[in-house]
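Peer 1: One structure coming up, written as structure tokens, with questions to follow.
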Amino acid sequence: MKKLFAVLGLALNQLFSLDLHGIETMTGWENLQSGAVSISWCTYDNFPISRAETVLNHSIDRISMAIQDLDHYPDIFDRVTKINRLDTDVVQIVLDMPFPFDGRDYIVKYNIENLDDHWVFVFTAVDHPKGTLDPDHVRLPNAAGIWILTALEPNKTKVIYAWNGELLGNFPDFGLTRAWVTQGNEVLNWLNETLLKKDNL
């Protein structure tokens with residue numbers, strides 16, 4: 001019976017979870033940064049959705065391999081301190097936050113859609129009995145995001161990364177837009193730096 005309730009809970013959680021598949025058709029974006037990395041945000045389903053976009057001089061295959069290598073995220077993204085794989089397609093991601101803010105964590109189920117010149121990695125929050133919250137961390141129960149890669153040339157790829165910018169806990173609302181700009185730049189720059197390091201090995 002417990003297993004049945006767990007399965008039903010997971011199904012309901014997925015049914016009502018935030019889905020960012022429509023990120024490219026959303027309207028009402030407010031620009032936060034222009035340049036090599038463009039960052040903007042809008043409200044969708046009453047959540048603040050942030051979006052960062054750039055073009056990286058790497059193939060779509062190399063970028064997608066890095067993004068789907070979740071078990072090694074602490075080696076790619078500096079703010080990720082721990083990854084716990086809870087199921088084949090479910091992970092718990094633990095994040096460090098700048099002092100004096102508590103760390104954050106979220107549990108997400110992810111899915112990959114792979115076409116010839118278009119690759120999508122989408123994730124959304126789920127509950128999982130093995131997802132123990134570390135002390136001094138805040139869980140993000142509405143976490144969601146999407147990576148969209150589009151091949152422009154053999155070694156040039158448009159990268160869109162969008163996520164639910166809700167931070168909860170003790171993070172002040174007035175600091176959210178700055179946090180989104182920081183996160184968008186950090187994530188895309190760390191991804192690019194990881195791929196460049198591999199080029200030089």
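Going by the structure tokens order, chains are called A, B, ..., each with residues numbered from 1, while ligands are numbered from 1 in the order shown.
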Write out as a PyMOL selection string each polymer residue whose atoms come within 12 Å of stretch 27-43 of chain A, counting only C-alpha atoms; drop sequence neighbours fewer than 5 positions from it.
Peer 2: chain A and resi 20+22+48-56+158-166+176-189+192
Peer 1: Could you pull out all residues of chain A with a DSSP call of helix (DSSP H, G or I) and give them as number ranges by chain?
Peer 2: A: 2-15, 21-25, 60-67, 70-76, 173-199
Peer 1: May I have the residues within 10 Å of stretch 195-197 of chain A as a count of residues only, using only C-alpha atoms and disregarding those fewer than 2 positions away in the same chain?
Peer 2: 15
Peer 1: Which of these, A:Asp102, A:Glu24, A:Asp117, A:Asp78, has the shortest distance to A:Glu153 once you count only C-alpha atoms?
Peer 2: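 Comparing A:Asp102, A:Glu24, A:Asp117, A:Asp78 against A:Glu153, the winner is A:Asp117.
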Peer 1: So that I can see what lies close to A:Asn170, please list as a PDB file with C-alpha atoms, in the first residue's frame the residues with an atom at most 9 Å from it, counting only C-alpha atoms and leaving out residues fewer than 2 positions away in the same chain.
Peer 2:
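For reference, result13.pdb as written:
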ATOM      1  CA  PHE A 101      22.260  32.929   2.578  1.00  0.00           C
ATOM      2  CA  ASP A 102      21.410  29.297   3.261  1.00  0.00           C
ATOM      3  CA  VAL A 138      16.230  25.367   1.782  1.00  0.00           C
ATOM      4  CA  LEU A 167      14.726  31.206  -4.346  1.00  0.00           C
ATOM      5  CA  LEU A 168      12.538  31.181  -1.196  1.00  0.00           C
ATOM      6  CA  PRO A 172      15.243  39.047  -0.306  1.00  0.00           C
TER       7      PRO A 172
END
Peer 1: Could you pull the residues within 7 Å of stretch 104-108 of chain A, counting only C-alpha atoms, minus those fewer than 6 positions along the same chain, as a VMD selection string?
Peer 2: chain A and resid 90 to 96 123 to 127 131 137 to 141 143
